[in-house]
Amino acid sequence: MKAFSTHAGLVMPLDRVNVDTDQMMPKQFCKLLTREGYGRFLFYDWRYLPGEKPNPEFILNWPRYHGASILLARANFGCGSSREHAPWGVLDYGFRVVIAPSFADIFYNNCFKNGILPITLPDEQVDDLFHRTEANVGYRLTADLPNQTVTDELGLRLTFEIGAFRKEVLLKGLDDIGMTLQHEAEITAFEKAHPIRAAMYEPVDVKLSQTAK
Amino acid sequence: MYEKIWEAHLVHEAPGQPSLIYIDRHFIHEGTSPQAFAGLKAAGRKVRRPDLAFAVMDHSVPTKDRDLPILDKDAASQFEALTRNCRETGVRLFDMNSRNQGIVHIIGPELGITQPGQTIVCGDSHTSTHGAFGALAFGIGTSEVEHVLATQCLSQFRSKTMRIRVNGQRPRGVMAKDLILAIIGKIGVAGGVGHVFEYDGEGIRALSMEGRMTVCNMSIEGGARAGMIAPDEKTFAYMEGRPFVPRGRDFQAAVECWKAMVSDPGAKFDSTVEIDAAEIAPQVTWGTNPGMVTSVTGRVPDPGSFSDPDEQKATARALEYMALEPDTPIVDIPLDRVFIGSCTNSRIEDLRAAACIVKGKKVARTLKQALAVPGSRVVKAQAEKEGLDRVFLEAGFEWRDAGCSMCIGMNPDVLPSGERCASTSNRNFEGRQGKGGRTHLVSPIMAAAAAIAGHFVDIREWDVDGVE
């Protein structure tokens with residue numbers, strides 16, 4: 001996973017509450033077998049008119065937000081489906097940071113698996129950021145993970161909370177599975193101490209059909 | 001109960017770090033697993049416990065004739081990938097031709113793979129369904145699917161707990177679906193973020209296992225990752241004799257273990273919500289998330305009636321998408337299609353209830369389609385044995401094969417743009433059932449009655465004596 005330390009970039013505001021992962025990545029794109037290439041499908045139904053023509057009304061298509069890499073969002077961002085295709089799309093489009101008053105649990109977790117920094121800030125601060133972004137063309141923020149700050153070029157300096165463990169994982173771009181496998185001996189010991197009896201995972205005298213052909 | 005299951009599965013814990021918890025059952029489907037298997041392979045890792053993983057094809061499967069070739073190339077490549085991955089790793093697969101195939105959250109309990117006290121995960125947010133058996137069950141992302149395949153563990157922070165107490169008894173015509181929609185309407189779609197729900201109270205105890213699964217299924221729509229209900233005699237009666245459930249003396253021993261995995265009297269929760277089942281009317285969603293819901297006797301709200309500006313905007317936007325005018329009575333909303341199915345409401349009891357409503361009647365001529373899609377092939381076979389397929393077909397419904405169908409529209413069952421559907425599924429998000437499609441979530445009997453009338457009706461005014 002890509003490590004994350006600090007990131008400075010153009011901010012794009014998305015002024016909607018409860019943005020769900022179905023909106024971020026509609027189901028027709030969840031049939032691909034890769035983790036890459038989802039950026040062009042991000043917010044597909046909002047972003048395109050029939051024939052994949054960019055919808056000029058959707059903010060992602062506004063010229064002033066081209067090249068944005070920080071997504072400013074509203075409460076409960078990323079609710080709904082667990083599809084990791086949503087954060088894959090966010091990242092592949094070019095966003096490295098998402099700022100919102102709150103995130104849905106699964107999406108929040110998924111961000112950390114993909115080198116995206118989700119920043120939670122109080123409502124009033126997010127409101128203020130929305131005002132600043134809308135009032136200033138080319139508005140940029142710097143997200144500094146080591147110092148846990150968000151700053152702009154106009155003197156704003158906000159601090160954010162993040163769990164120490166999650167911070168370290170992002171800073172170092174740690175491989176989750178590798179970390180867990182360091183506890184291999186404990187996993188094996190757990191399995192020995194808690195044997196799951198075959199009777200509970202092998203079908204009992206009932207013939208199952210796993211395939212008919 | 002949450003804490004008991006958590007403690008029983010702790011492999012490693014250290015201050016300030018997520019705990020490593022052992023995963024008892026891992027369900028896999030074609031939609032969120034190919035990248036996980038690919039990642040595993042690329043890293044040269046093996047599936048640690050293929051015996052504890054169960055794969056099934058459900059999201060993208062066609063619900064019409066399975067003998068025909070799969071026309072959707074992307075779906076076909078998903079099926080090929082899942083078949084290959086399971087063959088290479090030894091994971092058991094119920095493919096689309098298996099007579100045990102079905103929606104992952106239907107077949108887990110149906111086969112008895114789902115058991116009380118277990119930790120259960122799946123790359124699907126509706127994994128919360130399995131909590132109806134007193135298991136800790138939650139949805140995970142694809143990276144976590146890979147993690148579980150490699151280690152049979154997950155690294156997780158402990159959640160908060162919320163008790164949702166349902167007092168009193170449901171009036172006639174009010175189903176489990178109405179209960180959970182009313183709960184979500186009360187707490188909001190973010191009300192449970194960071195929490196695991198435990199449902200209890202008289203209104204929950206009175207539910208069948210099918211009804212409890214419907215309630216737990218939609219916990220995620222209230223923001224919670226998991227929802228659970230303590231197992232009781234109904235749970236054990238449902239489980240006994242199912243393929244993966246131990247028999248005889250082993251079963252009795254298992255029941256004793258399961259009985260111990262429930263909340264102690266006086267257990268503490270981080271918060272409690274109470275709701276009175278007796279006061280709940282049949283529910284209908286009017287907006288674009290499951291919290292945008294009202295009673296069938298209600299009206300589409302006016303955005304101006306909300307005090308919060310974000311909510312005003314969201315409501316206005318939802319009404320625009322749904323093409324609804326404020327103050328329209330719910331029963332005046334005309335429909336184009338009706339969908340009875342999904343991991344929320346496609347179990348045998350749901351189909352029996354819906355069939356009871358449509359029996360001897362005809363689908364309204366104004367309707368373009370009415371679909372009845374059993375959640376599994378076992379449900380389908382049972383329904384056919386009871387003659388429910390004939391009831392649906394004679395009324396003008398289409399009777400389909402098992403799968404996620406029009407809940408998600410990843411398969412050929414898609415709601416066309418601009419059309420309005422009464423659906424027994426779980427999400428009314430924009431475009432969920434098909435781009436531009438407009439979804440109203442309801443119970444199976446409300447959907448069945450809407451199919452007959454061509455618009456929503458208050459099911460309590462109909463004869464519902466045969467239901468349940």
# chains A, B, ... in the order shown; residues from 1 in each chain; ligands from 1
>>> select_by_dssp(residues="stretch 223-367 of chain B", states="strand (DSSP E or B)", output="list in words")
Ala226, Gly227, Met228, Ile229, Ser271, Thr272, Val273, Glu274, Ile275, Asp276, Gln283, Val284, Thr285, Val293, Thr294, Ser295, Arg299, Pro329, Pro334, Arg337, Val338, Phe339 and Ile340 of chain B
>>> write_last_selection(atoms="N, CA and C atoms", output="compact mmCIF listing (two decimals), in the first residue's frame")
# COMPACT_ATOMS: atom_id res chain seq x y z
N ALA B 226 -23.02 -4.37 12.40
CA ALA B 226 -23.62 -5.65 12.73
C ALA B 226 -24.85 -5.43 13.58
N GLY B 227 -25.76 -6.40 13.52
CA GLY B 227 -26.93 -6.39 14.39
C GLY B 227 -27.10 -7.81 14.89
N MET B 228 -27.48 -7.99 16.12
CA MET B 228 -27.60 -9.36 16.62
C MET B 228 -28.81 -9.53 17.52
N ILE B 229 -29.26 -10.78 17.58
CA ILE B 229 -30.39 -11.16 18.41
C ILE B 229 -29.98 -12.42 19.17
N SER B 271 -25.64 2.70 24.43
CA SER B 271 -26.89 3.47 24.33
C SER B 271 -28.06 2.52 24.11
N THR B 272 -29.24 3.03 24.32
CA THR B 272 -30.46 2.23 24.17
C THR B 272 -31.51 3.03 23.43
N VAL B 273 -32.19 2.36 22.50
CA VAL B 273 -33.29 2.98 21.79
C VAL B 273 -34.50 2.09 22.02
N GLU B 274 -35.65 2.69 22.29
CA GLU B 274 -36.85 1.86 22.46
C GLU B 274 -37.90 2.25 21.44
N ILE B 275 -38.63 1.26 21.01
CA ILE B 275 -39.68 1.52 20.05
C ILE B 275 -40.85 0.60 20.38
N ASP B 276 -42.07 1.08 20.15
CA ASP B 276 -43.24 0.28 20.48
C ASP B 276 -43.82 -0.32 19.20
N GLN B 283 -44.72 0.49 6.49
CA GLN B 283 -43.81 1.57 6.11
C GLN B 283 -43.56 1.59 4.60
N VAL B 284 -43.33 2.80 4.09
CA VAL B 284 -42.97 2.98 2.68
C VAL B 284 -41.90 4.05 2.62
N THR B 285 -40.78 3.80 1.93
CA THR B 285 -39.78 4.86 1.77
C THR B 285 -40.21 5.76 0.62
N VAL B 293 -38.40 7.56 5.24
CA VAL B 293 -39.48 6.59 5.28
C VAL B 293 -40.66 7.14 6.07
N THR B 294 -41.84 6.70 5.74
CA THR B 294 -43.01 7.13 6.51
C THR B 294 -44.05 6.00 6.50
N SER B 295 -45.15 6.22 7.20
CA SER B 295 -46.21 5.21 7.23
C SER B 295 -47.00 5.27 5.93
N ARG B 299 -47.76 11.12 4.10
CA ARG B 299 -47.61 11.84 2.84
C ARG B 299 -46.13 12.09 2.59
N PRO B 329 -50.18 11.97 -0.94
CA PRO B 329 -50.42 10.80 -0.08
C PRO B 329 -49.66 9.58 -0.63
N PRO B 334 -48.31 5.95 -8.01
CA PRO B 334 -48.48 4.83 -8.95
C PRO B 334 -47.16 4.12 -9.21
N ARG B 337 -43.28 -1.15 -11.57
CA ARG B 337 -42.84 -2.53 -11.35
C ARG B 337 -42.89 -2.88 -9.87
N VAL B 338 -42.91 -4.18 -9.61
CA VAL B 338 -42.85 -4.67 -8.23
C VAL B 338 -41.80 -5.77 -8.18
N PHE B 339 -40.95 -5.69 -7.16
CA PHE B 339 -39.90 -6.71 -7.00
C PHE B 339 -40.01 -7.34 -5.61
N ILE B 340 -40.26 -8.64 -5.59
CA ILE B 340 -40.26 -9.38 -4.32
C ILE B 340 -39.04 -10.29 -4.35
>>> residues_around(residues="stretch 302-319 of chain B", least_positions_apart="4", cutoff="7 Å", atoms="only C-alpha atoms", output="PyMOL selection string")
(chain A and resi 16-17) or (chain B and resi 287-288+323-327)
>>> residues_around(residues="stretch 213-218 of chain B", least_positions_apart="4", cutoff="10 Å", atoms="only C-alpha atoms", output="number ranges by chain")
B: 105-106, 109, 125-133, 137-138, 175-181, 183-184, 197-199, 204, 207-209, 222-229, 290, 343-347, 350, 425-427, 443
>>> write_last_selection(atoms="N, CA and C atoms", output="compact mmCIF listing (two decimals), in the first residue's frame")
# COMPACT_ATOMS: atom_id res chain seq x y z
N HIS B 105 -26.54 -14.64 1.93
CA HIS B 105 -27.12 -14.48 3.27
C HIS B 105 -28.39 -15.31 3.46
N ILE B 106 -28.86 -15.92 2.39
CA ILE B 106 -29.98 -16.85 2.53
C ILE B 106 -29.41 -18.25 2.77
N PRO B 109 -27.58 -19.42 6.58
CA PRO B 109 -28.49 -19.93 7.61
C PRO B 109 -29.23 -21.19 7.17
N SER B 125 -22.06 -5.92 2.70
CA SER B 125 -22.50 -5.21 3.91
C SER B 125 -23.71 -5.87 4.58
N HIS B 126 -24.47 -6.68 3.83
CA HIS B 126 -25.64 -7.30 4.44
C HIS B 126 -25.34 -8.59 5.21
N THR B 127 -24.04 -8.81 5.45
CA THR B 127 -23.61 -9.93 6.29
C THR B 127 -24.23 -9.81 7.68
N SER B 128 -24.65 -8.63 8.05
CA SER B 128 -25.32 -8.42 9.34
C SER B 128 -26.52 -9.35 9.52
N THR B 129 -27.06 -9.86 8.42
CA THR B 129 -28.20 -10.79 8.46
C THR B 129 -27.98 -11.94 9.44
N HIS B 130 -26.76 -12.51 9.41
CA HIS B 130 -26.46 -13.72 10.19
C HIS B 130 -26.51 -13.48 11.70
N GLY B 131 -26.51 -12.19 12.09
CA GLY B 131 -26.61 -11.84 13.50
C GLY B 131 -27.92 -12.30 14.12
N ALA B 132 -28.91 -12.61 13.28
CA ALA B 132 -30.20 -13.09 13.78
C ALA B 132 -30.05 -14.37 14.59
N PHE B 133 -28.90 -15.07 14.41
CA PHE B 133 -28.65 -16.32 15.12
C PHE B 133 -27.78 -16.10 16.36
N ALA B 137 -21.64 -10.86 13.01
CA ALA B 137 -21.49 -10.99 11.56
C ALA B 137 -21.47 -9.62 10.93
N PHE B 138 -20.44 -9.35 10.13
CA PHE B 138 -20.38 -8.01 9.52
C PHE B 138 -19.69 -8.04 8.16
N MET B 175 -45.05 -6.21 9.31
CA MET B 175 -44.06 -7.28 9.26
C MET B 175 -42.71 -6.81 9.83
N ALA B 176 -41.77 -7.77 9.90
CA ALA B 176 -40.42 -7.45 10.39
C ALA B 176 -39.82 -6.29 9.59
N LYS B 177 -40.10 -6.26 8.29
CA LYS B 177 -39.56 -5.20 7.44
C LYS B 177 -40.04 -3.83 7.91
N ASP B 178 -41.30 -3.75 8.31
CA ASP B 178 -41.84 -2.48 8.79
C ASP B 178 -41.16 -2.06 10.10
N LEU B 179 -40.88 -3.06 10.95
CA LEU B 179 -40.18 -2.78 12.21
C LEU B 179 -38.84 -2.13 11.94
N ILE B 180 -38.04 -2.77 11.08
CA ILE B 180 -36.68 -2.27 10.87
C ILE B 180 -36.71 -0.94 10.12
N LEU B 181 -37.64 -0.77 9.19
CA LEU B 181 -37.73 0.54 8.51
C LEU B 181 -38.11 1.63 9.52
N ILE B 183 -37.44 1.59 12.69
CA ILE B 183 -36.26 1.82 13.54
C ILE B 183 -35.27 2.75 12.83
N ILE B 184 -35.02 2.48 11.55
CA ILE B 184 -34.07 3.30 10.79
C ILE B 184 -34.63 4.73 10.64
N PHE B 197 -25.60 -3.34 16.89
CA PHE B 197 -26.93 -3.33 17.51
C PHE B 197 -27.20 -4.68 18.17
N GLU B 198 -27.85 -4.65 19.33
CA GLU B 198 -28.48 -5.88 19.81
C GLU B 198 -29.97 -5.60 19.95
N TYR B 199 -30.77 -6.34 19.18
CA TYR B 199 -32.22 -6.17 19.23
C TYR B 199 -32.78 -7.09 20.30
N ILE B 204 -39.31 -8.49 19.25
CA ILE B 204 -38.27 -9.25 18.55
C ILE B 204 -38.45 -10.74 18.82
N LEU B 207 -40.85 -12.58 16.70
CA LEU B 207 -40.54 -12.78 15.27
C LEU B 207 -40.04 -14.19 15.02
N SER B 208 -40.35 -14.71 13.84
CA SER B 208 -39.77 -15.97 13.39
C SER B 208 -38.30 -15.72 13.06
N MET B 209 -37.54 -16.79 12.79
CA MET B 209 -36.14 -16.61 12.40
C MET B 209 -36.04 -15.81 11.10
N GLY B 222 -28.94 1.31 9.04
CA GLY B 222 -28.99 2.24 10.17
C GLY B 222 -27.58 2.64 10.58
N GLY B 223 -26.60 2.28 9.76
CA GLY B 223 -25.21 2.69 10.00
C GLY B 223 -24.38 1.70 10.80
N ALA B 224 -25.04 0.68 11.42
CA ALA B 224 -24.29 -0.27 12.24
C ALA B 224 -23.65 -1.33 11.35
N ARG B 225 -22.49 -1.80 11.75
CA ARG B 225 -21.86 -2.85 10.94
C ARG B 225 -22.53 -4.18 11.19
N ALA B 226 -23.02 -4.37 12.40
CA ALA B 226 -23.62 -5.65 12.73
C ALA B 226 -24.85 -5.43 13.58
N GLY B 227 -25.76 -6.40 13.52
CA GLY B 227 -26.93 -6.39 14.39
C GLY B 227 -27.10 -7.81 14.89
N MET B 228 -27.48 -7.99 16.12
CA MET B 228 -27.60 -9.36 16.62
C MET B 228 -28.81 -9.53 17.52
N ILE B 229 -29.26 -10.78 17.58
CA ILE B 229 -30.39 -11.16 18.41
C ILE B 229 -29.98 -12.42 19.17
N PRO B 290 -32.76 4.62 3.15
CA PRO B 290 -33.80 3.91 3.90
C PRO B 290 -34.35 4.68 5.10
N CYS B 343 -31.83 -10.39 -0.25
CA CYS B 343 -31.43 -11.03 1.01
C CYS B 343 -32.26 -10.52 2.18
N THR B 344 -33.05 -9.47 1.96
CA THR B 344 -33.90 -8.95 3.03
C THR B 344 -35.21 -9.75 3.13
N ASN B 345 -35.81 -10.02 1.98
CA ASN B 345 -37.16 -10.59 1.97
C ASN B 345 -37.39 -11.59 0.83
N SER B 346 -36.67 -12.70 0.85
CA SER B 346 -36.93 -13.70 -0.20
C SER B 346 -36.93 -15.10 0.36
N ARG B 347 -37.18 -15.18 1.69
CA ARG B 347 -37.23 -16.49 2.33
C ARG B 347 -38.63 -17.07 2.17
N ASP B 350 -41.52 -15.13 3.51
CA ASP B 350 -41.84 -13.92 2.75
C ASP B 350 -42.70 -14.27 1.54
N SER B 425 -36.49 -5.05 -1.24
CA SER B 425 -35.04 -5.07 -1.00
C SER B 425 -34.67 -4.08 0.11
N ASN B 426 -33.40 -3.73 0.18
CA ASN B 426 -32.90 -2.99 1.34
C ASN B 426 -32.39 -1.59 1.06
N ARG B 427 -32.19 -1.24 -0.21
CA ARG B 427 -31.62 0.08 -0.50
C ARG B 427 -32.40 0.78 -1.58
N SER B 443 -42.56 -3.97 2.74
CA SER B 443 -42.60 -5.38 3.15
C SER B 443 -43.14 -6.23 2.00
>>> closest_residue(among="A:Lys53, A:Lys172, A:Arg157, A:Arg166", to="A:Ser5", atoms="only C-alpha atoms")
A:Lys172
>>> residues_around(residues="stretch 28-41 of chain B", least_positions_apart="4", cutoff="8 Å", atoms="only C-alpha atoms", output="ChimeraX atom specification")
/A:30-31,33-35,83-84 /B:45-47,53-60,78-79,81-82,85,104,122-124,141-143,145-146,150
>>> residues_around(residues="A:Leu141", least_positions_apart="2", cutoff="12 Å", atoms="only C-alpha atoms", output="ChimeraX atom specification")
/A:6-12,68-72,96-99,129-130,132-133,136,138-139,143-144,149-158
>>> residues_around(residues="stretch 39-48 of chain A", least_positions_apart="5", cutoff="12 Å", atoms="only C-alpha atoms", output="compact mmCIF listing (two decimals) with N, CA and C atoms, in the first residue's frame")
# COMPACT_ATOMS: atom_id res chain seq x y z
N LEU A 14 -18.13 18.56 -2.15
CA LEU A 14 -19.28 17.76 -2.58
C LEU A 14 -20.34 17.91 -1.49
N VAL A 19 -23.59 10.41 1.23
CA VAL A 19 -23.19 9.94 -0.10
C VAL A 19 -22.83 8.45 0.04
N ASP A 20 -23.55 7.61 -0.70
CA ASP A 20 -23.35 6.16 -0.54
C ASP A 20 -22.38 5.63 -1.61
N THR A 21 -21.89 4.42 -1.35
CA THR A 21 -20.88 3.87 -2.26
C THR A 21 -21.49 3.44 -3.59
N ASP A 22 -22.82 3.28 -3.63
CA ASP A 22 -23.47 3.03 -4.93
C ASP A 22 -23.30 4.25 -5.84
N GLN A 23 -23.30 5.44 -5.25
CA GLN A 23 -23.10 6.65 -6.06
C GLN A 23 -21.65 6.77 -6.49
N MET A 24 -20.73 6.41 -5.58
CA MET A 24 -19.31 6.53 -5.91
C MET A 24 -18.95 5.57 -7.03
N MET A 25 -19.48 4.35 -6.95
CA MET A 25 -19.12 3.35 -7.94
C MET A 25 -20.33 2.45 -8.22
N PRO A 26 -21.12 2.84 -9.24
CA PRO A 26 -22.31 2.04 -9.55
C PRO A 26 -21.94 0.59 -9.87
N LYS A 27 -22.93 -0.27 -9.61
CA LYS A 27 -22.67 -1.72 -9.65
C LYS A 27 -22.10 -2.25 -10.94
N GLN A 28 -22.41 -1.60 -12.09
CA GLN A 28 -21.93 -2.19 -13.34
C GLN A 28 -20.41 -2.22 -13.41
N PHE A 29 -19.76 -1.40 -12.57
CA PHE A 29 -18.29 -1.38 -12.59
C PHE A 29 -17.71 -2.28 -11.50
N CYS A 30 -18.57 -2.94 -10.76
CA CYS A 30 -18.09 -3.84 -9.71
C CYS A 30 -17.92 -5.25 -10.25
N LEU A 32 -15.51 -5.83 -12.57
CA LEU A 32 -14.15 -5.94 -13.10
C LEU A 32 -13.30 -6.73 -12.11
N LYS A 53 -21.25 11.72 -21.91
CA LYS A 53 -20.87 13.14 -22.02
C LYS A 53 -20.82 13.72 -20.62
N PRO A 54 -19.75 14.45 -20.30
CA PRO A 54 -19.68 15.01 -18.95
C PRO A 54 -20.88 15.91 -18.67
N ASN A 55 -21.47 15.74 -17.51
CA ASN A 55 -22.60 16.56 -17.09
C ASN A 55 -22.04 17.87 -16.53
N PRO A 56 -22.25 18.99 -17.23
CA PRO A 56 -21.63 20.24 -16.78
C PRO A 56 -22.12 20.71 -15.43
N GLU A 57 -23.26 20.18 -14.98
CA GLU A 57 -23.79 20.61 -13.69
C GLU A 57 -23.12 19.92 -12.51
N PHE A 58 -22.48 18.77 -12.78
CA PHE A 58 -21.86 18.06 -11.66
C PHE A 58 -20.48 18.67 -11.37
N ILE A 59 -20.26 18.92 -10.12
CA ILE A 59 -19.12 19.74 -9.69
C ILE A 59 -17.76 19.15 -10.12
N LEU A 60 -17.69 17.85 -10.21
CA LEU A 60 -16.43 17.21 -10.62
C LEU A 60 -16.01 17.68 -12.02
N ASN A 61 -16.99 18.07 -12.82
CA ASN A 61 -16.71 18.49 -14.20
C ASN A 61 -16.46 19.99 -14.33
N TRP A 62 -16.58 20.73 -13.24
CA TRP A 62 -16.33 22.17 -13.33
C TRP A 62 -14.83 22.39 -13.53
N GLY A 78 -19.79 7.72 2.43
CA GLY A 78 -19.41 6.33 2.15
C GLY A 78 -20.33 5.29 2.75
N HIS A 85 -14.50 -1.08 -4.34
CA HIS A 85 -14.41 -0.40 -5.64
C HIS A 85 -14.62 1.10 -5.46
N ALA A 86 -15.34 1.50 -4.41
CA ALA A 86 -15.59 2.93 -4.18
C ALA A 86 -14.29 3.66 -3.81
N PRO A 87 -13.58 3.23 -2.75
CA PRO A 87 -12.30 3.90 -2.49
C PRO A 87 -11.27 3.69 -3.62
N TRP A 88 -11.34 2.57 -4.31
CA TRP A 88 -10.43 2.40 -5.46
C TRP A 88 -10.68 3.49 -6.49
N GLY A 89 -11.95 3.84 -6.68
CA GLY A 89 -12.31 4.90 -7.63
C GLY A 89 -11.84 6.26 -7.13
N VAL A 90 -12.04 6.51 -5.84
CA VAL A 90 -11.62 7.78 -5.23
C VAL A 90 -10.12 7.97 -5.44
N LEU A 91 -9.37 6.92 -5.15
CA LEU A 91 -7.90 6.99 -5.26
C LEU A 91 -7.45 7.11 -6.71
N ASP A 92 -8.04 6.30 -7.55
CA ASP A 92 -7.61 6.27 -8.95
C ASP A 92 -7.95 7.57 -9.67
N TYR A 93 -9.01 8.24 -9.23
CA TYR A 93 -9.34 9.54 -9.81
C TYR A 93 -8.27 10.56 -9.45
N GLY A 94 -7.66 10.37 -8.29
CA GLY A 94 -6.60 11.28 -7.87
C GLY A 94 -6.78 11.88 -6.49
N PHE A 95 -7.85 11.48 -5.79
CA PHE A 95 -8.04 11.99 -4.42
C PHE A 95 -7.16 11.19 -3.46
N TYR B 321 -35.25 13.57 -7.54
CA TYR B 321 -34.85 12.29 -8.14
C TYR B 321 -36.05 11.33 -8.23
N SER B 417 -34.64 3.38 -16.30
CA SER B 417 -34.59 4.77 -15.88
C SER B 417 -35.99 5.40 -15.89
N PHE B 429 -31.21 3.74 -2.71
CA PHE B 429 -30.25 4.73 -3.18
C PHE B 429 -30.52 5.06 -4.64
N GLU B 430 -30.11 6.25 -5.05
CA GLU B 430 -30.22 6.62 -6.46
C GLU B 430 -29.56 5.54 -7.31
N GLY B 431 -30.28 5.08 -8.30
CA GLY B 431 -29.68 4.15 -9.27
C GLY B 431 -29.42 2.75 -8.75
N ARG B 432 -29.82 2.45 -7.52
CA ARG B 432 -29.49 1.16 -6.93
C ARG B 432 -30.02 -0.01 -7.79
N GLY B 434 -31.08 0.26 -10.83
CA GLY B 434 -30.84 0.57 -12.23
C GLY B 434 -30.74 2.08 -12.35
N LYS B 435 -29.87 2.56 -13.21
CA LYS B 435 -29.65 4.00 -13.34
C LYS B 435 -30.97 4.73 -13.60
N GLY B 436 -31.26 5.73 -12.78
CA GLY B 436 -32.48 6.52 -12.96
C GLY B 436 -33.73 5.85 -12.40
N GLY B 437 -33.61 4.63 -11.90
CA GLY B 437 -34.75 3.91 -11.34
C GLY B 437 -35.14 4.48 -9.98
>>> closest_residue(among="B:Ala450, B:Met239, B:Val262, B:Ile113", to="chain A", atoms="only C-alpha atoms")
B:Ile113
>>> closest_residue(among="A:Ile177, A:Ala135, A:Leu121, A:Val169", to="B:Leu20", atoms="only C-alpha atoms")
A:Ile177
>>> atom_distance(atom1="atom CA of B:Met261", atom2="atom CA of B:Ala135")
9.0 Å
>>> select_by_dssp(residues="chain A", states="helix (DSSP H, G or I)", output="CSV table (one decimal) with C-alpha atoms, in the first residue's frame")
chain,number,residue,atom,x,y,z
A,21,THR,CA,-20.9,3.9,-2.3
A,22,ASP,CA,-23.5,3.0,-4.9
A,23,GLN,CA,-23.1,6.7,-6.1
A,24,MET,CA,-19.3,6.5,-5.9
A,27,LYS,CA,-22.7,-1.7,-9.6
A,28,GLN,CA,-21.9,-2.2,-13.3
A,29,PHE,CA,-18.3,-1.4,-12.6
A,39,GLY,CA,-11.2,6.6,-11.6
A,40,ARG,CA,-13.1,7.2,-14.7
A,41,PHE,CA,-16.2,5.6,-13.3
A,44,TYR,CA,-20.6,7.9,-12.8
A,45,ASP,CA,-24.3,8.5,-12.7
A,46,TRP,CA,-23.9,12.1,-11.5
A,47,ARG,CA,-20.9,12.8,-13.6
A,50,PRO,CA,-26.2,9.7,-21.7
A,51,GLY,CA,-23.4,8.8,-24.1
A,52,GLU,CA,-20.8,9.4,-21.3
A,59,ILE,CA,-19.1,19.7,-9.7
A,60,LEU,CA,-16.4,17.2,-10.6
A,61,ASN,CA,-16.7,18.5,-14.2
A,63,PRO,CA,-13.0,23.4,-14.8
A,64,ARG,CA,-12.1,25.1,-11.5
A,65,TYR,CA,-12.0,21.7,-9.8
A,85,HIS,CA,-14.4,-0.4,-5.6
A,86,ALA,CA,-15.6,2.9,-4.2
A,87,PRO,CA,-12.3,3.9,-2.5
A,88,TRP,CA,-10.4,2.4,-5.5
A,89,GLY,CA,-12.3,4.9,-7.6
A,90,VAL,CA,-11.6,7.8,-5.2
A,91,LEU,CA,-7.9,7.0,-5.3
A,92,ASP,CA,-7.6,6.3,-8.9
A,93,TYR,CA,-9.3,9.5,-9.8
A,105,ASP,CA,-17.5,2.5,9.2
A,106,ILE,CA,-16.7,0.1,6.3
A,107,PHE,CA,-15.7,2.9,3.9
A,108,TYR,CA,-13.5,4.5,6.6
A,109,ASN,CA,-11.7,1.2,7.1
A,110,ASN,CA,-11.3,0.7,3.4
A,111,CYS,CA,-9.6,4.1,3.0
A,112,PHE,CA,-6.7,2.9,5.3
A,123,ASP,CA,-19.4,20.2,11.5
A,124,GLU,CA,-18.5,24.0,12.0
A,125,GLN,CA,-15.0,23.5,10.6
A,126,VAL,CA,-16.2,21.5,7.7
A,127,ASP,CA,-18.8,24.3,7.0
A,128,ASP,CA,-16.0,26.8,7.1
A,129,LEU,CA,-14.0,24.8,4.7
A,130,PHE,CA,-17.0,24.6,2.3
A,131,HIS,CA,-17.2,28.5,2.4
A,132,ARG,CA,-13.5,28.9,1.9
A,133,THR,CA,-13.5,26.5,-1.0
A,134,GLU,CA,-16.5,28.0,-2.7
A,135,ALA,CA,-15.2,31.6,-2.2
A,164,ALA,CA,-2.2,6.2,16.6
A,165,PHE,CA,-2.3,2.8,15.1
A,166,ARG,CA,-4.1,3.8,11.9
A,167,LYS,CA,-1.7,6.8,11.6
A,168,GLU,CA,1.3,4.5,11.7
A,169,VAL,CA,-0.1,2.1,9.2
A,170,LEU,CA,-0.7,5.0,6.7
A,171,LEU,CA,2.6,6.7,7.4
A,172,LYS,CA,4.6,3.5,6.8
A,176,ASP,CA,-1.8,-5.5,7.1
A,177,ILE,CA,-1.6,-9.2,6.3
A,178,GLY,CA,2.2,-9.2,6.9
A,179,MET,CA,1.6,-7.6,10.3
A,180,THR,CA,-1.0,-10.2,11.2
A,181,LEU,CA,1.2,-13.0,10.1
A,184,GLU,CA,1.1,-16.7,13.3
A,185,ALA,CA,2.1,-18.6,16.4
A,186,GLU,CA,-0.8,-17.1,18.3
A,187,ILE,CA,-3.2,-17.9,15.5
A,188,THR,CA,-2.0,-21.5,15.5
A,189,ALA,CA,-2.3,-21.7,19.3
A,190,PHE,CA,-5.8,-20.3,19.1
A,191,GLU,CA,-6.8,-22.9,16.6
A,192,LYS,CA,-5.4,-25.7,18.8
A,193,ALA,CA,-7.2,-24.4,21.8
A,198,ALA,CA,-15.6,-31.3,11.9
A,199,ALA,CA,-19.2,-31.8,12.7
A,200,MET,CA,-19.7,-28.1,12.5
